[in-house]
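Since the structure comes first, as structure tokens, the remarks are kept for the end.
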Amino acid sequence: MKFLVVGDLHGNKPNIYFEDFDAIIAPGDFCPWLDELRKIYNISYKEFLEDPYNYREWWEIAGKRKAREIIEESLKKGREILEFLDSFEKPVYIIPGNCDWTGDKYSDWNYIKQNFFKDYLVEGLDNVINCDEKIVNLEGYKIIGYGNCNGPELFRYRNYGKIFKKKDIERNRKYYLKLLEKYDKLFQRAINRRKPIIFLSHNVPFNTPLDKIKDKKSPRYGYHYGSLIVRKMIDKYQPLVCIGGHIHENFGKCKIGETTCINAGFGSYVNVWLELSENKIKKLKFYKRKHE
């Protein structure tokens, strides 16, 4: 099997530098994080870090009318990306990223509770296969998908322990354990079928060369901000390969035991070529072209 892997696109149509692939793999973030949204969100996040019990959501700062316009523009561009990938008439295996509007069930605004990823972004695209929270058959392989994760699932790894009350830290711990149990069951089912596993995750595994934030403008500069769930599953089950993105600056690979972990990078000018033969990686090539 020959795969073209594209990273976080954020509204940028990818340049394709490889040919004759059998399928496309993309670890999410098809929708752009628009500049206007980024500025508003940064204000909200700064307020959150100061007091998570008394801050304004980004859409409250923008106003609901303006927030709708931002979301609709982001969705339109994300849909265009998925339509482009669908046009190759090859299977496109995807999961949602944290910018793909999967719905905030805890929000006070009903509009933003909607799962636009499921109901709009992937709707009607015949070749696009959403792997999130599923085991997907792929000839001699199994894909397990884990989308949407934007950082370590436990608050203490985000240094939130100092700003949240004990009851909320405990609630977060229980959520993490429930999520861990869900993916443990998926891996158990997949392993019982004796086929190599491709773990498709939006975020990369925690505490590796692939997840350290190097952007000095980030409020989490210097942190390892990968997924604890992804790391746990790799440590325990050793899938053949783990493909993620999210941490834009760490395009490349690393090994955890027998698992090859890939950060598929960011933007139009990066591709990864992955060729598998049974339970081995036959070829892995990273291509990055300077902006034209």
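The chains in the structure tokens are called A, B, ... from first to last as shown; in each chain the residues are counted from 1, and the ligands are counted from 1 in the order shown.
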
Show which residues sit within 9 Å of region 63-69 of chain A, as a PyMOL selection string. Count only C-alpha atoms, and ignore same-chain residues fewer than 2 positions away.
chain A and resi 37+58-61+71-74+109+111-112

Taking the chain letters and numbering used in this document, name the residues of region 118-255 of chain A that DSSP puts in strand (DSSP E), as an MDAnalysis selection string.
chainID A and resid 128:130 135:138 141:146 197:203 241:245 252:255

Measuring between only C-alpha atoms, which one of A:Asn127, A:Asn271, A:Asn279, A:Asn148 shows the shortest distance to Cys99 (chain A)?
A:Asn148

Contacts of Arg173 (chain A) at 10 Å or less, counting only C-alpha atoms, minus same-chain residues fewer than 3 places along, as a PyMOL selection string?
chain A and resi 153-156+167-170+176-179

Once you count only C-alpha atoms, what closest atom pair and distance in Å to one decimal does each residue of region 63-96 of chain A within 9 Å of region 12-33 of chain A have, with rows by chain and rising residue number, as JSON lines?
```
{"residue": "A:Glu73", "atom": "CA", "partner": "A:Pro32", "partner_atom": "CA", "distance": 8.8}
{"residue": "A:Ser74", "atom": "CA", "partner": "A:Cys31", "partner_atom": "CA", "distance": 5.4}
{"residue": "A:Leu75", "atom": "CA", "partner": "A:Cys31", "partner_atom": "CA", "distance": 5.9}
{"residue": "A:Lys76", "atom": "CA", "partner": "A:Cys31", "partner_atom": "CA", "distance": 8.0}
{"residue": "A:Lys77", "atom": "CA", "partner": "A:Cys31", "partner_atom": "CA", "distance": 6.1}
{"residue": "A:Gly78", "atom": "CA", "partner": "A:Cys31", "partner_atom": "CA", "distance": 4.0}
{"residue": "A:Arg79", "atom": "CA", "partner": "A:Cys31", "partner_atom": "CA", "distance": 7.6}
{"residue": "A:Glu80", "atom": "CA", "partner": "A:Lys13", "partner_atom": "CA", "distance": 8.1}
{"residue": "A:Ile81", "atom": "CA", "partner": "A:Lys13", "partner_atom": "CA", "distance": 5.8}
{"residue": "A:Leu82", "atom": "CA", "partner": "A:Phe30", "partner_atom": "CA", "distance": 7.3}
{"residue": "A:Phe84", "atom": "CA", "partner": "A:Lys13", "partner_atom": "CA", "distance": 7.5}
{"residue": "A:Leu85", "atom": "CA", "partner": "A:Ile24", "partner_atom": "CA", "distance": 7.9}
{"residue": "A:Lys90", "atom": "CA", "partner": "A:Ala23", "partner_atom": "CA", "distance": 5.3}
{"residue": "A:Pro91", "atom": "CA", "partner": "A:Ala23", "partner_atom": "CA", "distance": 5.0}
{"residue": "A:Val92", "atom": "CA", "partner": "A:Ile24", "partner_atom": "CA", "distance": 4.6}
{"residue": "A:Tyr93", "atom": "CA", "partner": "A:Ile25", "partner_atom": "CA", "distance": 4.9}
{"residue": "A:Ile94", "atom": "CA", "partner": "A:Ala26", "partner_atom": "CA", "distance": 5.0}
{"residue": "A:Ile95", "atom": "CA", "partner": "A:Gly28", "partner_atom": "CA", "distance": 5.2}
{"residue": "A:Pro96", "atom": "CA", "partner": "A:Gly28", "partner_atom": "CA", "distance": 4.5}
```

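We find CA of Ile129 (chain A) and CA of His246 (chain A) to be spaced 19.7 Å apart.
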
Let me make sure I understand: among A:Ile135, A:Ile243, A:Met1, A:Ala62, which one has the smallest atom-to-atom distance to Ser277 (chain A) if we use only C-alpha atoms?
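Once distances to Ser277 (chain A) are computed over only C-alpha atoms, the minimum belongs to A:Met1.
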
Quick one: everything within 10 Å of Val272 (chain A), counting only C-alpha atoms, minus sequence neighbours fewer than 4 positions away in the same chain. Send it as a list in words.
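Those residues are Phe3, Leu4, Val5, Val6, Gly7, Ile16, Tyr17, Phe18, Ile25, Phe251, Gly252, Ile262, Asn263, Ala264, Gly265, Leu284, Lys285, Phe286, Tyr287 and Lys288 of chain A.
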
Keeping C-alpha atoms for every residue in the selection just given, could you write it to a file as a CSV table (one decimal), in the first residue's frame?
```
chain,number,residue,atom,x,y,z
A,3,PHE,CA,0.0,6.4,0.9
A,4,LEU,CA,0.1,10.2,0.4
A,5,VAL,CA,0.0,11.8,3.8
A,6,VAL,CA,-0.9,15.5,4.0
A,7,GLY,CA,-0.7,17.4,7.3
A,16,ILE,CA,1.0,17.1,-4.4
A,17,TYR,CA,4.6,16.1,-5.0
A,18,PHE,CA,4.1,12.3,-5.2
A,25,ILE,CA,-4.2,10.0,4.8
A,251,PHE,CA,7.5,17.9,10.7
A,252,GLY,CA,9.3,14.6,10.9
A,262,ILE,CA,5.0,10.7,12.1
A,263,ASN,CA,4.2,14.4,12.4
A,264,ALA,CA,2.8,15.2,9.0
A,265,GLY,CA,3.5,18.9,9.3
A,284,LEU,CA,9.1,6.7,4.3
A,285,LYS,CA,9.9,10.0,2.7
A,286,PHE,CA,9.4,13.6,3.9
A,287,TYR,CA,9.2,16.3,1.4
A,288,LYS,CA,9.1,20.0,2.2
```

Name the closest residue to Ser218 (chain A) among the candidates A:Lys253, A:Lys236, A:Leu200, A:Ile247; distances are taken between atoms, counting only C-alpha atoms.
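The shortest atom-to-atom distance to Ser218 (chain A) comes from A:Ile247.
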
Shortest interatomic distance to Lys280 (chain A) - which of A:Asn130, A:Ile198, A:Glu249, A:Tyr237, counting only C-alpha atoms:
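Of A:Asn130, A:Ile198, A:Glu249, A:Tyr237, the one nearest Lys280 (chain A) is A:Ile198, counting only C-alpha atoms.
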